[in-house]
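Pasting structure_22.cif here (mmCIF, C-alpha atoms):
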```cif
data_structure
#
loop_
_atom_site.label_atom_id
_atom_site.label_comp_id
_atom_site.auth_asym_id
_atom_site.auth_seq_id
_atom_site.Cartn_x
_atom_site.Cartn_y
_atom_site.Cartn_z
CA MET T 1 8.82 11.38 0.13
CA SER T 2 11.25 9.13 -1.78
CA ASP T 3 13.88 9.49 0.98
CA PHE T 4 11.23 8.39 3.49
CA PHE T 5 10.39 5.23 1.53
CA ASP T 6 14.05 4.53 0.72
CA TYR T 7 14.63 4.43 4.46
CA VAL T 8 11.73 2.11 5.28
CA ARG T 9 12.80 -0.21 2.45
CA GLY T 10 16.30 -0.29 3.94
CA LEU T 11 17.94 1.35 0.89
CA THR T 12 19.57 4.04 2.99
CA GLU T 13 20.58 4.55 6.61
CA VAL T 14 20.09 8.31 6.38
CA VAL T 15 17.00 9.30 8.37
CA PRO T 16 14.98 11.71 6.19
CA GLU T 17 15.04 15.32 7.31
CA GLY T 18 12.48 16.27 9.90
CA TYR T 19 11.55 12.69 10.88
CA SER T 20 12.61 10.98 14.12
CA PRO T 21 14.98 7.97 14.00
CA GLN T 22 12.71 6.21 16.52
CA GLY T 23 9.56 6.62 14.42
CA MET T 24 11.37 5.64 11.21
CA ALA T 25 12.61 2.48 12.97
CA VAL T 26 8.98 1.56 13.75
CA TYR T 27 8.00 1.91 10.09
CA ARG T 28 10.99 -0.10 8.87
CA HIS T 29 10.20 -2.81 11.40
CA HIS T 30 6.54 -2.98 10.31
CA VAL T 31 7.46 -3.19 6.63
CA TYR T 32 9.82 -6.08 7.42
CA LEU T 33 7.54 -7.93 9.82
CA GLY T 34 4.43 -8.29 7.63
CA PRO T 35 5.97 -9.96 4.54
CA SER T 36 8.43 -11.92 6.67
CA GLN T 37 5.63 -13.51 8.73
CA LEU T 38 3.47 -14.12 5.67
CA LEU T 39 6.28 -15.79 3.71
CA ALA T 40 7.46 -17.83 6.73
CA ALA T 41 3.93 -19.27 6.83
CA SER T 42 3.81 -19.85 3.05
CA TYR T 43 7.31 -21.33 2.76
CA PRO T 44 7.99 -23.16 6.04
CA GLU T 45 10.62 -25.46 4.46
CA LEU T 46 12.59 -22.53 3.13
CA LYS T 47 12.34 -20.75 6.48
CA THR T 48 13.60 -23.86 8.31
CA ALA T 49 16.40 -24.52 5.80
CA LEU T 50 17.89 -21.07 6.21
CA SER T 51 19.69 -19.70 9.24
CA GLU T 52 17.97 -16.80 11.00
CA ASP T 53 20.53 -14.38 9.51
CA ASP T 54 20.11 -15.74 5.97
CA TRP T 55 16.33 -15.55 6.21
CA THR T 56 16.56 -11.95 7.46
CA SER T 57 18.93 -11.03 4.60
CA LEU T 58 16.64 -12.66 2.05
CA MET T 59 13.59 -10.79 3.36
CA LYS T 60 15.46 -7.49 3.48
CA ASP T 61 16.65 -7.92 -0.10
CA PHE T 62 13.15 -8.89 -1.26
CA ILE T 63 11.60 -5.84 0.43
CA ALA T 64 14.27 -3.50 -0.91
CA LYS T 65 13.86 -4.65 -4.52
CA THR T 66 10.21 -5.43 -5.06
CA ARG T 67 7.64 -2.98 -6.33
CA TRP T 68 4.34 -4.39 -5.16
CA SER T 69 1.22 -2.95 -6.71
CA SER T 70 -1.58 -5.35 -5.80
CA HIS T 71 -4.30 -4.29 -3.37
CA PHE T 72 -4.34 -7.86 -2.11
CA TYR T 73 -1.76 -8.59 0.56
CA SER T 74 -1.64 -12.32 -0.13
CA ASP T 75 -0.27 -11.55 -3.62
CA ILE T 76 3.10 -11.06 -1.89
CA ASP T 77 3.43 -14.83 -2.38
CA GLU T 78 3.38 -14.42 -6.17
CA ASN T 79 5.72 -11.46 -5.95
CA PHE T 80 8.14 -13.55 -3.94
CA LYS T 81 8.10 -16.34 -6.54
CA GLN T 82 8.82 -13.77 -9.23
CA TYR T 83 11.63 -12.32 -7.13
CA LEU T 84 13.23 -15.75 -6.64
CA ASN T 85 13.03 -16.39 -10.39
CA ASP T 86 14.59 -13.03 -11.17
CA GLU T 87 17.37 -13.58 -8.64
CA LEU T 88 18.12 -17.07 -9.99
CA ASN T 89 18.20 -15.80 -13.58
CA GLU T 90 20.50 -13.00 -12.58
CA SER T 91 22.93 -15.35 -10.83
CA VAL T 92 23.10 -17.85 -13.76
CA MET E 1 -25.69 4.53 19.63
CA ARG E 2 -24.79 0.99 18.56
CA VAL E 3 -21.60 -1.00 19.04
CA GLY E 4 -20.02 -3.13 16.35
CA ILE E 5 -16.95 -5.37 16.05
CA GLY E 6 -14.38 -5.89 13.33
CA TYR E 7 -14.90 -9.37 11.87
CA ARG E 8 -11.67 -11.38 11.75
CA ARG E 9 -10.77 -14.80 10.39
CA ASP E 10 -10.28 -16.08 13.97
CA MET E 11 -14.06 -15.77 14.37
CA ALA E 12 -14.74 -18.25 11.55
CA ASP E 13 -15.91 -20.96 13.96
CA TRP E 14 -17.62 -18.64 16.45
CA ASN E 15 -21.38 -18.78 16.87
CA LEU E 16 -21.94 -15.12 16.07
CA SER E 17 -25.46 -15.13 17.48
CA GLN E 18 -23.70 -15.13 20.87
CA VAL E 19 -21.77 -11.93 20.08
CA PRO E 20 -23.82 -8.86 21.09
CA ALA E 21 -22.52 -6.66 18.25
CA ALA E 22 -25.06 -4.52 16.40
CA PHE E 23 -22.95 -4.59 13.23
CA PHE E 24 -19.71 -5.97 11.81
CA GLU E 25 -16.93 -4.39 9.81
CA VAL E 26 -14.74 -6.23 7.31
CA CYS E 27 -11.72 -5.40 5.20
CA PRO E 28 -12.87 -5.39 1.54
CA GLU E 29 -9.43 -6.56 0.37
CA ASN E 30 -10.04 -9.83 2.27
CA TRP E 31 -13.41 -10.54 0.66
CA ILE E 32 -13.37 -9.31 -2.94
CA HIS E 33 -11.99 -12.64 -4.18
CA ARG E 34 -13.39 -14.91 -1.47
CA ASP E 35 -16.58 -16.79 -0.74
CA ARG E 36 -18.90 -14.44 1.15
CA SER E 37 -21.42 -16.88 2.55
CA ARG E 38 -20.27 -16.13 6.11
CA LEU E 39 -21.04 -12.43 5.56
CA HIS E 40 -24.39 -13.20 3.97
CA ASP E 41 -25.24 -15.31 7.03
CA ILE E 42 -24.54 -12.28 9.25
CA ILE E 43 -26.74 -10.07 7.09
CA ALA E 44 -29.51 -12.67 6.92
CA ALA E 45 -29.49 -12.73 10.74
CA GLY E 46 -30.30 -9.00 10.69
CA ARG E 47 -26.91 -7.38 11.23
CA GLU E 48 -25.15 -4.98 8.90
CA VAL E 49 -21.66 -5.50 7.41
CA ARG E 50 -19.65 -2.34 6.71
CA LEU E 51 -16.39 -2.01 4.76
CA HIS E 52 -13.13 -0.58 6.08
CA GLY E 53 -10.21 -0.83 3.66
CA VAL E 54 -6.46 -0.71 4.12
CA SER E 55 -4.85 -0.42 0.69
CA LEU E 56 -6.24 2.61 -1.10
CA ASN E 57 -3.01 4.57 -0.69
CA LEU E 58 -4.84 7.91 -0.52
CA GLY E 59 -1.64 9.64 0.57
CA GLY E 60 0.61 8.00 -1.99
CA SER E 61 1.53 9.09 -5.48
CA GLY E 62 0.50 6.08 -7.59
CA ASP E 63 -2.71 6.07 -9.60
CA ILE E 64 -5.70 4.71 -7.71
CA SER E 65 -7.04 1.77 -9.68
CA SER E 66 -10.58 2.28 -10.98
CA GLU E 67 -10.82 -1.48 -11.41
CA PHE E 68 -10.25 -1.96 -7.67
CA LEU E 69 -12.83 0.72 -6.87
CA TYR E 70 -15.39 -1.03 -9.07
CA GLN E 71 -14.67 -4.24 -7.15
CA VAL E 72 -15.29 -2.39 -3.87
CA ARG E 73 -18.52 -0.95 -5.26
CA ASP E 74 -19.69 -4.40 -6.35
CA LEU E 75 -18.89 -5.77 -2.90
CA MET E 76 -20.88 -2.97 -1.25
CA ARG E 77 -23.87 -3.72 -3.45
CA ASP E 78 -23.56 -7.40 -2.68
CA LEU E 79 -23.49 -6.71 1.07
CA GLY E 80 -26.07 -3.94 0.90
CA THR E 81 -23.95 -1.39 2.75
CA THR E 82 -23.34 2.31 2.11
CA TYR E 83 -20.29 2.42 4.40
CA TYR E 84 -16.81 2.37 2.91
CA SER E 85 -13.73 3.89 4.51
CA ASP E 86 -9.96 3.78 4.23
CA HIS E 87 -7.11 5.56 5.99
CA LEU E 88 -5.86 9.10 5.70
CA ALA E 89 -2.38 7.71 5.11
CA SER E 90 -0.10 6.31 2.42
CA SER E 91 0.24 2.58 1.81
CA GLY E 92 3.60 3.15 0.13
CA ASP E 93 5.06 5.55 -2.41
CA ALA E 94 3.87 4.69 -5.91
CA HIS E 95 3.82 1.07 -4.71
CA GLN E 96 2.24 -0.91 -1.93
CA LEU E 97 4.24 -1.58 1.21
CA TYR E 98 1.16 -2.83 3.09
CA ASP E 99 1.47 -0.47 6.02
CA LEU E 100 0.07 2.99 6.85
CA PHE E 101 2.56 5.81 6.46
CA PRO E 102 2.13 9.47 7.44
CA ILE E 103 1.11 12.22 5.05
CA PRO E 104 3.01 15.46 5.84
CA PHE E 105 0.70 17.81 7.74
CA THR E 106 0.84 20.69 5.24
CA GLN E 107 -1.85 22.53 3.35
CA ALA E 108 -0.36 21.50 -0.01
CA GLU E 109 -0.54 17.82 0.98
CA ALA E 110 -4.05 18.24 2.42
CA TYR E 111 -5.23 19.65 -0.91
CA ARG E 112 -3.40 17.02 -2.98
CA VAL E 113 -4.84 14.14 -0.96
CA ALA E 114 -8.32 15.73 -0.84
CA ASP E 115 -8.30 15.85 -4.64
CA ARG E 116 -7.39 12.15 -4.75
CA ILE E 117 -10.28 11.36 -2.39
CA ALA E 118 -12.62 13.43 -4.57
CA ARG E 119 -11.54 11.40 -7.63
CA VAL E 120 -12.19 8.15 -5.73
CA GLN E 121 -15.66 9.38 -4.83
CA ASP E 122 -16.32 10.34 -8.46
CA VAL E 123 -15.50 6.79 -9.57
CA LEU E 124 -17.47 5.18 -6.73
CA GLY E 125 -20.43 7.53 -7.11
CA PHE E 126 -20.87 8.06 -3.37
CA THR E 127 -19.20 9.60 -0.33
CA MET E 128 -16.51 7.61 1.45
CA ALA E 129 -14.98 8.15 4.89
CA VAL E 130 -11.32 8.59 5.80
CA GLU E 131 -9.86 7.47 9.10
CA ASN E 132 -7.43 9.63 11.07
CA SER E 133 -4.39 7.38 11.46
CA THR E 134 -1.63 6.82 13.95
CA TYR E 135 1.77 8.17 12.99
CA TYR E 136 5.11 7.44 14.60
CA THR E 137 6.92 10.43 13.10
CA ASN E 138 5.79 13.09 10.66
CA VAL E 139 6.64 16.53 9.30
CA GLY E 140 4.56 19.60 8.52
CA ASP E 141 3.37 22.83 10.07
CA MET E 142 -0.30 21.96 10.72
CA ARG E 143 -1.87 20.23 13.69
CA GLU E 144 -3.28 16.85 12.81
CA SER E 145 -6.89 17.86 13.55
CA GLU E 146 -6.51 20.94 11.32
CA PHE E 147 -5.04 18.77 8.56
CA LEU E 148 -7.96 16.34 8.86
CA GLN E 149 -10.58 19.09 8.72
CA THR E 150 -8.86 20.72 5.71
CA VAL E 151 -8.90 17.43 3.80
CA VAL E 152 -12.51 16.67 4.69
CA ALA E 153 -13.80 20.14 3.82
CA ARG E 154 -12.11 20.12 0.41
CA ALA E 155 -12.88 16.51 -0.53
CA GLY E 156 -16.43 16.58 0.80
CA CYS E 157 -15.86 13.19 2.43
CA HIS E 158 -16.78 11.79 5.83
CA VAL E 159 -14.51 11.03 8.79
CA LEU E 160 -14.19 7.67 10.47
CA LEU E 161 -12.96 9.07 13.77
CA ASP E 162 -10.54 6.70 15.45
CA ILE E 163 -10.43 7.69 19.11
CA ASN E 164 -7.64 5.23 19.90
CA ASN E 165 -5.40 6.68 17.17
CA ILE E 166 -5.78 10.17 18.62
CA GLU E 167 -4.83 8.82 22.06
CA VAL E 168 -1.80 6.92 20.70
CA ASN E 169 -0.60 10.02 18.84
CA TRP E 170 -1.02 12.10 22.02
CA LYS E 171 0.96 9.60 24.13
CA ASN E 172 3.75 9.47 21.54
CA HIS E 173 4.00 13.10 20.51
CA ARG E 174 2.25 15.21 23.20
CA ILE E 175 0.94 17.63 20.58
CA GLU E 176 -2.87 17.33 20.74
CA SER E 177 -4.69 15.70 23.62
CA LEU E 178 -7.83 13.72 22.89
CA ALA E 179 -9.94 16.43 24.57
CA ASP E 180 -8.33 19.18 22.44
CA TYR E 181 -8.45 17.19 19.23
CA VAL E 182 -12.16 16.40 19.35
CA THR E 183 -13.10 20.05 19.90
CA ASN E 184 -11.69 20.67 16.39
CA VAL E 185 -13.76 17.92 14.76
CA ASP E 186 -16.96 18.74 12.92
CA PHE E 187 -19.13 15.82 14.06
CA SER E 188 -21.65 16.39 11.28
CA THR E 189 -19.01 14.82 8.98
CA VAL E 190 -18.26 11.84 11.27
CA SER E 191 -19.70 8.52 10.10
CA TYR E 192 -18.88 6.58 13.28
CA LEU E 193 -16.11 6.00 15.81
CA HIS E 194 -13.36 3.41 16.09
CA VAL E 195 -11.79 2.20 19.31
CA ALA E 196 -9.03 -0.38 19.83
CA GLY E 197 -6.21 -1.27 22.17
CA HIS E 198 -2.60 -0.12 22.00
CA GLU E 199 0.59 -1.18 23.75
CA TYR E 200 3.90 0.34 24.80
CA ASN E 201 6.88 -1.11 22.97
CA PRO E 202 10.08 -0.72 25.02
CA ARG E 203 12.31 -1.44 21.98
CA PHE E 204 11.03 1.63 20.15
CA GLN E 205 10.01 3.49 23.31
CA MET E 206 6.71 4.33 21.69
CA TYR E 207 3.09 3.33 22.00
CA ILE E 208 2.12 1.13 19.06
CA ASP E 209 -1.37 0.84 17.62
CA THR E 210 -1.40 -2.95 17.87
CA HIS E 211 -5.16 -3.68 18.03
CA SER E 212 -4.18 -6.63 20.21
CA ALA E 213 -5.48 -5.56 23.62
CA GLY E 214 -8.57 -4.20 25.34
CA VAL E 215 -9.52 -0.56 24.93
CA ASP E 216 -7.75 1.86 27.24
CA ALA E 217 -10.25 3.05 29.92
CA ASN E 218 -9.83 6.75 29.09
CA THR E 219 -10.28 6.07 25.37
CA ALA E 220 -13.42 4.02 26.03
CA GLU E 221 -15.02 6.65 28.27
CA ILE E 222 -14.36 9.52 25.85
CA ALA E 223 -15.59 7.44 22.90
CA LYS E 224 -18.80 6.59 24.78
CA ALA E 225 -19.39 10.22 25.76
CA LEU E 226 -18.84 11.42 22.16
CA ALA E 227 -21.03 8.65 20.75
CA ALA E 228 -23.84 9.59 23.14
CA ALA E 229 -23.49 13.34 22.56
CA HIS E 230 -23.44 13.07 18.76
CA SER E 231 -25.52 9.91 18.20
CA LYS E 232 -22.65 7.96 16.61
CA ASP E 233 -21.96 4.24 16.53
CA ILE E 234 -18.74 2.75 17.94
CA LEU E 235 -16.75 -0.05 16.35
CA LEU E 236 -14.24 -2.14 18.32
CA GLU E 237 -11.16 -3.30 16.38
CA TRP E 238 -9.26 -6.30 17.74
CA ASP E 239 -7.04 -7.67 14.96
CA HIS E 240 -4.19 -9.60 16.58
CA ASP E 241 -3.90 -12.03 19.51
CA MET E 242 -7.66 -12.50 19.31
CA PRO E 243 -8.95 -13.51 22.75
CA GLU E 244 -11.84 -15.87 23.42
CA MET E 245 -15.38 -14.74 22.68
CA ALA E 246 -16.14 -13.92 26.34
CA VAL E 247 -13.44 -11.23 26.38
CA ILE E 248 -14.73 -9.64 23.18
CA ASN E 249 -18.27 -9.77 24.56
CA GLN E 250 -17.12 -8.08 27.76
CA GLU E 251 -15.51 -5.26 25.73
CA ILE E 252 -18.70 -4.82 23.69
CA ALA E 253 -20.79 -4.79 26.89
CA CYS E 254 -18.53 -2.16 28.40
CA LEU E 255 -18.82 0.07 25.32
CA THR E 256 -22.58 -0.40 25.21
CA SER E 257 -23.27 0.33 28.87
CA LEU E 258 -23.31 3.74 30.51
CA THR E 259 -21.24 2.54 33.42
CA MET E 260 -17.45 2.85 33.59
CA CYS E 261 -15.34 0.17 31.92
CA ALA E 262 -12.72 -1.69 33.90
CA ALA E 263 -9.26 -0.85 32.56
#
```
What would the structure in this file look like if it were written as C-alpha cells?
Amino acid sequence: MSDFFDYVRGLTEVVPEGYSPQGMAVYRHHVYLGPSQLLAASYPELKTALSEDDWTSLMKDFIAKTRWSSHFYSDIDENFKQYLNDELNESV
Amino acid sequence: MRVGIGYRRDMADWNLSQVPAAFFEVCPENWIHRDRSRLHDIIAAGREVRLHGVSLNLGGSGDISSEFLYQVRDLMRDLGTTYYSDHLASSGDAHQLYDLFPIPFTQAEAYRVADRIARVQDVLGFTMAVENSTYYTNVGDMRESEFLQTVVARAGCHVLLDINNIEVNWKNHRIESLADYVTNVDFSTVSYLHVAGHEYNPRFQMYIDTHSAGVDANTAEIAKALAAAHSKDILLEWDHDMPEMAVINQEIACLTSLTMCAA
C-alpha cells in the first residue's frame, strides 16, 4: 500500500496499479483539505500573510513530510510547529 | 426501533430536550481529553451516549496503541455505554492521515484486519463494531459485502451497518446495489444502522460521503424497512454545514415515522 499512500501524500504522480485516477484524486484532496482548514483556523495571520500559492505549497510540503501518529486530530497543530522548527533549522 | 443523532460541537448551545433523539453518538477522540459535563447532562436526562471512533486505523499497518484503547474503555465506563465502533478502513499507512482509506477486498487482507480487530477486542475486553465504509477506488477480487462478512466472522465483531455508505458505493461503482448488499449481511451481527446525506461532486465526478445534507429518500426508506424487520436502531449523521435544529428534528421525525420521507 506504500504506493497508494505516496500518491495521497503527493510524493508521486504515478497512480498506483489497479486504482482509478479519479478516486485517488478524491483521497489526495481530502488529505489536503483537513489539515489545511485546521491550520488556516489556528494560524490566521500566517494564512493571510502568504499568497494562496505559497500557502498551498506549504501545506503540501507539510503533508508530504510529516508522520503523524496521534489519535487526536487537533495535535496537527503541534506537528505543524515541529515541522516549522525543523524546516527553519534545516535552512539555517 | 429508536432513532439517534450524532452529537456535534455545533449543538453546544442547543436545548437538547427539544431534539427528539432516543440516543446520541459521539466521537471518542473528541472527548477523551475534554470536559464531559455536556454528555453527562444528556445521560442524566435519560438518553444514552454511544461511541463511534475515527482513528483506530484497523486497516493500516501501524501498531494499535493499547494506551488509546484503555482511554476509550475508561470513557465508555464513564458514559455507561457498551457501544464502541470504528471504521473498516485505514486511517493512513503506519501513520495517521486523518481520513478513511480503502482496505483491498481480498481474503488475505480480510484475515489480516480481522486479526487486528480481534487484538483490539482482547485489549478492550468486549466486542466492538466495525462500520462498512465508503471507498472512492479500491482493488481486490471480493465483493465488499463478502469482504465485510469474512472480517466479521473471523474477528467475532459486530457490524455498524452504514446504509448511506452502501448507497454511495453503488452510485460510484455500480457493483453492489443496496438491495443486493443487504441480502448478504447477517443481521444477527449488526449493532445498529447509520444513515447520512451525500452529494455529487462535479470536480471529481463522484458522489462524496459528505454528511452535510439530508438523507437520500431511497436510503431512508430502506434503512427504515431494515430497522423494522430486524429490530435495529438508526443513527443519523450530519457532520458538516449543520442546519438549524428544526431541520434535524424533521429528519429524525421522518426516520421515526412509518410514512415516506420527503426527499
>> Considering all atoms listed in the file, can you say which of E:Gln149, E:Asn249, E:Gln96, E:Ser212 comes closest to chain T?
In response: E:Gln96
> Could you write out as a ChimeraX atom specification the residues of chain T within 7 Å of chain E, counting all atoms listed in the file?
Replying inline: /T:5,18-20,22-24,26,31,67-69,71-73
> So what does the PyMOL selection byres ((chain E and resi 133) around 7) actually pick up in this one, as a list of chain:residue names?
Replying inline: E:His87, E:Leu88, E:Ala89, E:Glu131, E:Asn132, E:Thr134, E:Tyr135, E:Asn165
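Rounded to one decimal, atom CA of Leu161 of chain E and atom CA of His194 of chain E lie 6.1 Å from each other.
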> How far is it from atom CA of Thr66 of chain T to atom CA of Leu58 of chain E, in Å with one decimal?
Replying inline: 20.6 Å
> What gap, in Å, lies between atom CA of Phe80 of chain T and atom CA of Asp6 of chain T?
Replying inline: 19.6 Å
> Could you pull the residues within 10 Å of Asp3 of chain T, counting all atoms listed in the file, minus those fewer than 3 positions along the same chain, as an MDAnalysis selection string?
Replying inline: chainID T and resid 6:9 11:12 14:17
Any idea what's packed within 9 Å of Lys65 of chain T, counting all atoms listed in the file, ignoring anything in its chain fewer than 4 positions away? Could you give it as a short mmCIF file (atom, residue, chain, number, x, y, z; two decimals) with C-alpha atoms, keeping the file's coordinate frame?
```cif
data_model
loop_
_atom_site.label_atom_id
_atom_site.label_comp_id
_atom_site.auth_asym_id
_atom_site.auth_seq_id
_atom_site.Cartn_x
_atom_site.Cartn_y
_atom_site.Cartn_z
CA ARG T 9 12.80 -0.21 2.45
CA LYS T 60 15.46 -7.49 3.48
CA ASP T 61 16.65 -7.92 -0.10
CA TYR T 83 11.63 -12.32 -7.13
#
```
> Between E:Gly156, E:Arg174, E:Pro243, E:Ile163, which is the closest to Val215 of chain E once you count all atoms listed in the file?
Replying inline: E:Ile163
> Exactly which residues make up the result of the PyMOL selection byres ((chain E and resi 39) around 12) on this file, given as a PyMOL selection string?
Replying inline: chain E and resi 7-9+11-12+16+23-28+30-32+34-38+40-51+75-76+78-81
Test item: axis-aligned box, all listed atoms of segment 34-52 of chain T, 4 Å on each side, centre and edges in Å rounded to one decimal, as AutoDock Vina command-line options:
```
--center_x 11.6 --center_y -16.9 --center_z 6.9 --size_x 24.2 --size_y 25.2 --size_z 16.2
```
> Using all atoms listed in the file, which of the listed residues (T:Met1, T:Leu58, T:Gln82, T:Glu13) sits closest to Pro35 of chain T?
Replying inline: T:Leu58
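The closest residue to Ser57 of chain T, picked from T:Ser91, T:Ser42, T:Ser36, T:Ser70 and counting only C-alpha atoms, is T:Ser36.
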Please produce segment 162-176 of chain E, completed to N, CA and C atoms, as a CSV table (one decimal), in the coordinates of the input.
```csv
chain,number,residue,atom,x,y,z
E,162,ASP,N,-11.1,7.7,14.6
E,162,ASP,CA,-10.5,6.7,15.4
E,162,ASP,C,-10.0,7.3,16.7
E,163,ILE,N,-10.8,7.1,17.8
E,163,ILE,CA,-10.4,7.7,19.1
E,163,ILE,C,-9.1,7.1,19.7
E,164,ASN,N,-8.9,5.8,19.4
E,164,ASN,CA,-7.6,5.2,19.9
E,164,ASN,C,-6.4,5.8,19.2
E,165,ASN,N,-6.5,6.1,17.9
E,165,ASN,CA,-5.4,6.7,17.2
E,165,ASN,C,-5.0,8.1,17.7
E,166,ILE,N,-6.1,8.8,18.1
E,166,ILE,CA,-5.8,10.2,18.6
E,166,ILE,C,-5.0,10.0,20.0
E,167,GLU,N,-5.5,9.1,20.8
E,167,GLU,CA,-4.8,8.8,22.1
E,167,GLU,C,-3.4,8.3,21.9
E,168,VAL,N,-3.2,7.4,20.9
E,168,VAL,CA,-1.8,6.9,20.7
E,168,VAL,C,-0.9,8.1,20.2
E,169,ASN,N,-1.4,8.9,19.3
E,169,ASN,CA,-0.6,10.0,18.8
E,169,ASN,C,-0.3,11.0,20.0
E,170,TRP,N,-1.2,11.2,20.9
E,170,TRP,CA,-1.0,12.1,22.0
E,170,TRP,C,0.1,11.5,22.9
E,171,LYS,N,0.0,10.2,23.2
E,171,LYS,CA,1.0,9.6,24.1
E,171,LYS,C,2.3,9.6,23.5
E,172,ASN,N,2.4,9.5,22.2
E,172,ASN,CA,3.8,9.5,21.5
E,172,ASN,C,4.3,10.9,21.3
E,173,HIS,N,3.5,11.8,21.0
E,173,HIS,CA,4.0,13.1,20.5
E,173,HIS,C,3.7,14.3,21.4
E,174,ARG,N,2.7,14.1,22.3
E,174,ARG,CA,2.2,15.2,23.2
E,174,ARG,C,2.0,16.5,22.5
E,175,ILE,N,1.3,16.4,21.3
E,175,ILE,CA,0.9,17.6,20.6
E,175,ILE,C,-0.5,18.0,20.8
E,176,GLU,N,-1.4,17.0,20.6
E,176,GLU,CA,-2.9,17.3,20.7
E,176,GLU,C,-3.5,16.3,21.6
```
